[in-house]
Structure formats: C-alpha cells, structure tokens
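Below is one structure; the comments refer to it alone.
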Amino acid sequence: MAKIEIKPDHHILVIGKTGSGKSFATKYVFLPALRRQPQQVLVILDSKREYGGITDVTVQTPQELNHFLYKEEKPQGKIVRIVGAKPSEAMAEEYLSNAYQPAFDIAKGPSYEPTFGVRFFIEDMPMFYDSPYKTPEQLKYWVCMGRQHRRTVCGTSQRFQLIPKTVQTQCDHVFMFKLSEYDLVHAVIPHYGQNAGMKIQTLERYGYVLCSDLYDEPIKFKPYQPNFTPKSEKGIYLD
C-alpha cells in the first residue's frame, strides 16, 4: 500500500457515496493516523453522533469548545467532539470562529500564539455548507489563511460537487471512494482529469484514490482490510 505524508498544515477531503467505505476508513484509518500527529488537536463536528468511541472530550456549545482549547496552555485531550449542533451554516461558522483563537475572556495577550495545531473535521460538510458557489467568511478564512497557524479543515461528503469551490481548490489531499457517475463526469474529471476518473471507476470495493497537487499522478489505494466484519443492518425487500 502506498504511503503519503499529511502535514499539520494540510487540508483534507474524504468523498464517497453511501456504502463505498468512506465512513469506515475515516473512523478506523484516517482519524487514528491524524490522532498520532504531535501537537495537534482534532475537533469533530459530529451532528450524526458517529464518533463517540474515539473521542476524549465532548462539548455542546462554541464557548465550551473555545475554553477546552485555550483556557490552559495545552488542551487536555487529542480529540474533542461537538454534539447537538444543528445543521446550519451559521452554527458551523460560530464553531470555526471559536476554534481558531481564544475568546476575549481567556485571551493571553496580543502576542499570544498557540503552540498546537487545530484540525477541524466536518462530518458531511453539505449538512452545514450546502452551496458550492459561495464560501462563507469563517470557512474561507480557515482554508485560505489558517494553514500558516496550523488551523486546517477536514471534510467528508457523499458528493464532490457540493463542496464549496474554494475548499476544493485549497485542499491538499482529496481521498475519493466510489462516486456517482454524475459526480465523476461533472466534478472530478474536470478538476483532476480522465486518469483520476478512470482510477475511481475501476476501484475495488472499499478502495480509494488520492488526488493531490502534491503528487504527479492520482494514487490508487487497495481496500483497508479490517480484522473484523462490520455488522450489517437487516433490510426489507420490495416486490
């Protein structure tokens, strides 16, 4: 399996349709790897409550998040999860703002510079940012200016074309699992070329392709092979 380097100032997207393996790999491959990064805190905007088993701290308001990150010299935990957040742009923007720097009531002076990075993980980004044609103020600030302070964004989505264009162009690593034909034709191939589209079309189940300007060609990854079989939901059949 190929090895890649994700630096503290890299933005990341994970894209894949339902059942492609996106959520499984995010939970058991990407997030555990990111957790091992030193001097880095991972904030998960988890409205669907999917990441409870891997987090250290839970917060329910932007103010709680700000105090967890900045009230002490170093946060007491590697992963903090936001629960109870309504799926709205305003809510995501407020959390992003509070994750960037200390609020006035705990500010440590005008010259204060945090010694740790913050990677803000937005599960199902179109739940909060549903227009690809406009990028709200805080999200734009994070993806365009945040990397110099190790303030980065990681987002997931079932549809690549729903990710704001500014985020698409600023992300260093885009991991793509199986995608809809519409997504391939109208979003991926115009952005990354026919070679990327062909590699995604020929993926094995649960495999994925990395598209990145940091590498000359898209990198095709074999499926992650867990040492257990995930439980499947029992469905119904319609005649």
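If you're wondering about the labels, chains in the structure tokens are A, B, ... by order shown, residues count from 1 in each chain, ligands from 1 in order shown.
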When DSSP works through the backbone of this structure, what residues of stretch 31-110 of chain A end up as strand (DSSP E or B), shown as a CSV table (one decimal) with N, CA and C atoms, in the first residue's frame?
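Result went into part.csv, see below:
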```
chain,number,residue,atom,x,y,z
A,40,GLN,N,-1.2,18.4,17.9
A,40,GLN,CA,-2.3,18.7,17.1
A,40,GLN,C,-3.6,18.2,17.8
A,41,VAL,N,-4.6,19.0,17.8
A,41,VAL,CA,-5.9,18.7,18.3
A,41,VAL,C,-6.9,18.5,17.2
A,42,LEU,N,-7.7,17.5,17.3
A,42,LEU,CA,-8.7,17.2,16.2
A,42,LEU,C,-10.1,17.5,16.8
A,43,VAL,N,-10.8,18.5,16.2
A,43,VAL,CA,-12.2,18.8,16.6
A,43,VAL,C,-13.1,18.2,15.6
A,44,ILE,N,-14.1,17.4,16.0
A,44,ILE,CA,-15.0,16.8,15.1
A,44,ILE,C,-16.4,17.4,15.3
A,45,LEU,N,-16.9,18.0,14.3
A,45,LEU,CA,-18.3,18.5,14.2
A,45,LEU,C,-19.2,17.3,13.9
A,57,VAL,N,-13.1,14.2,24.7
A,57,VAL,CA,-14.0,15.2,25.3
A,57,VAL,C,-15.1,15.5,24.4
A,58,THR,N,-16.3,15.8,25.0
A,58,THR,CA,-17.5,16.2,24.3
A,58,THR,C,-17.9,17.6,24.7
A,59,VAL,N,-18.2,18.5,23.8
A,59,VAL,CA,-18.7,19.8,24.0
A,59,VAL,C,-20.0,20.0,23.3
A,79,ILE,N,-8.7,14.6,20.9
A,79,ILE,CA,-9.9,14.7,20.0
A,79,ILE,C,-11.0,15.2,20.9
A,80,VAL,N,-11.7,16.3,20.4
A,80,VAL,CA,-12.8,16.8,21.1
A,80,VAL,C,-14.0,16.8,20.1
A,81,ARG,N,-15.1,16.3,20.5
A,81,ARG,CA,-16.3,16.1,19.6
A,81,ARG,C,-17.4,17.1,20.0
A,82,ILE,N,-18.0,17.7,19.0
A,82,ILE,CA,-19.1,18.6,19.1
A,82,ILE,C,-20.4,17.8,18.8
```
Give me the stretch 126-155 of chain A side of the contact with stretch 97-106 of chain A, cut-off 10 Å, one line per residue showing its nearest atom pair and distance in Å at one decimal, counting only C-alpha atoms, sorted by chain and residue number, as a Markdown table.
```
| residue | atom | partner | partner_atom | distance |
| --- | --- | --- | --- | --- |
| A:Glu137 | CA | A:Ser97 | CA | 9.6 |
| A:Gln138 | CA | A:Ser97 | CA | 6.3 |
| A:Leu139 | CA | A:Ser97 | CA | 8.9 |
| A:Tyr141 | CA | A:Ser97 | CA | 9.5 |
| A:Trp142 | CA | A:Tyr100 | CA | 8.1 |
| A:Gly146 | CA | A:Tyr100 | CA | 8.2 |
| A:His149 | CA | A:Tyr100 | CA | 9.1 |
| A:Arg150 | CA | A:Tyr100 | CA | 9.7 |
| A:Arg151 | CA | A:Tyr100 | CA | 6.8 |
| A:Thr152 | CA | A:Tyr100 | CA | 9.6 |
```
Emit the selected residues as a PDB file, in the first residue's frame, including N, CA and C atoms.
```
ATOM      1  N   GLU A 137     -17.538  33.297   5.362  1.00  0.00           N
ATOM      2  CA  GLU A 137     -16.351  34.009   5.837  1.00  0.00           C
ATOM      3  C   GLU A 137     -15.393  33.143   6.639  1.00  0.00           C
ATOM      4  N   GLN A 138     -15.894  32.453   7.672  1.00  0.00           N
ATOM      5  CA  GLN A 138     -15.006  31.683   8.540  1.00  0.00           C
ATOM      6  C   GLN A 138     -14.385  30.493   7.814  1.00  0.00           C
ATOM      7  N   LEU A 139     -15.194  29.796   7.014  1.00  0.00           N
ATOM      8  CA  LEU A 139     -14.669  28.653   6.264  1.00  0.00           C
ATOM      9  C   LEU A 139     -13.612  29.114   5.268  1.00  0.00           C
ATOM     10  N   TYR A 141     -11.733  31.760   5.549  1.00  0.00           N
ATOM     11  CA  TYR A 141     -10.547  32.178   6.310  1.00  0.00           C
ATOM     12  C   TYR A 141      -9.709  30.966   6.709  1.00  0.00           C
ATOM     13  N   TRP A 142     -10.369  29.916   7.179  1.00  0.00           N
ATOM     14  CA  TRP A 142      -9.660  28.707   7.594  1.00  0.00           C
ATOM     15  C   TRP A 142      -8.889  28.092   6.435  1.00  0.00           C
ATOM     16  N   GLY A 146      -5.648  29.758   7.287  1.00  0.00           N
ATOM     17  CA  GLY A 146      -5.416  29.004   8.517  1.00  0.00           C
ATOM     18  C   GLY A 146      -4.146  28.180   8.537  1.00  0.00           C
ATOM     19  N   HIS A 149      -1.085  29.066  10.549  1.00  0.00           N
ATOM     20  CA  HIS A 149      -1.162  28.902  12.005  1.00  0.00           C
ATOM     21  C   HIS A 149      -1.533  27.464  12.378  1.00  0.00           C
ATOM     22  N   ARG A 150      -1.388  26.560  11.430  1.00  0.00           N
ATOM     23  CA  ARG A 150      -1.772  25.152  11.621  1.00  0.00           C
ATOM     24  C   ARG A 150      -3.239  25.030  12.038  1.00  0.00           C
ATOM     25  N   ARG A 151      -4.090  25.785  11.352  1.00  0.00           N
ATOM     26  CA  ARG A 151      -5.531  25.693  11.532  1.00  0.00           C
ATOM     27  C   ARG A 151      -6.095  25.153  10.218  1.00  0.00           C
ATOM     28  N   THR A 152      -6.484  23.873  10.205  1.00  0.00           N
ATOM     29  CA  THR A 152      -6.838  23.215   8.954  1.00  0.00           C
ATOM     30  C   THR A 152      -8.229  22.603   9.015  1.00  0.00           C
TER      31      THR A 152
END
```
Selected residue of minimal separation from A:Phe128 among A:His173, A:His11, A:Lys86, A:Lys22, counting only C-alpha atoms:
A:Lys86
Need the shell around A:Val14: protein/DNA/RNA residues with any atom at most 6 Å away, counting only C-alpha atoms. Skip same-chain ones fewer than 4 positions apart. Format as an NGL selection string?
:A and (156 or 174-175)
Considering only C-alpha atoms, return as a VMD selection string whatever protein or nucleic-acid residues lie within 12 Å of A:Arg36, sequence-local ones (same chain, fewer than 5 positions apart) excluded.
chain A and resid 6 to 8 29 to 31 41 to 42 78 to 79
Deliver the residues from the most recent selection as a file, using N, CA, C and O atoms, as a compact mmCIF listing (two decimals), in the first residue's frame.
```txt
# COMPACT_ATOMS: atom_id res chain seq x y z
N ILE A 6 0.76 13.47 5.50
CA ILE A 6 -0.19 14.55 5.78
C ILE A 6 0.43 15.45 6.83
O ILE A 6 0.61 15.05 7.98
N LYS A 7 0.78 16.65 6.44
CA LYS A 7 1.44 17.58 7.35
C LYS A 7 0.42 18.37 8.16
O LYS A 7 -0.76 18.43 7.79
N PRO A 8 0.85 19.00 9.25
CA PRO A 8 -0.09 19.76 10.09
C PRO A 8 -0.78 20.92 9.38
O PRO A 8 -1.82 21.39 9.85
N VAL A 29 -9.06 4.42 9.84
CA VAL A 29 -7.77 4.63 9.19
C VAL A 29 -7.31 6.09 9.34
O VAL A 29 -6.27 6.38 9.92
N PHE A 30 -8.11 7.02 8.81
CA PHE A 30 -7.68 8.42 8.75
C PHE A 30 -7.60 9.07 10.13
O PHE A 30 -6.58 9.67 10.48
N LEU A 31 -8.68 8.97 10.91
CA LEU A 31 -8.68 9.65 12.21
C LEU A 31 -7.64 9.07 13.18
O LEU A 31 -6.95 9.84 13.87
N VAL A 41 -4.64 19.03 17.77
CA VAL A 41 -5.93 18.66 18.33
C VAL A 41 -6.93 18.51 17.20
O VAL A 41 -6.98 19.33 16.28
N LEU A 42 -7.72 17.45 17.25
CA LEU A 42 -8.73 17.20 16.24
C LEU A 42 -10.10 17.53 16.81
O LEU A 42 -10.50 16.97 17.83
N LYS A 78 -6.73 14.87 22.87
CA LYS A 78 -6.33 14.96 21.47
C LYS A 78 -7.51 15.14 20.53
O LYS A 78 -7.37 15.72 19.45
N ILE A 79 -8.68 14.60 20.91
CA ILE A 79 -9.86 14.69 20.05
C ILE A 79 -11.03 15.21 20.86
O ILE A 79 -11.39 14.64 21.89
```
Give me, as number ranges by chain, all polymer residues having an atom no more than 12 Å from A:Glu181, counting only C-alpha atoms and skipping those fewer than 6 positions away in the same chain.
A: 16-17, 159-161, 187-189, 197-198, 200-201
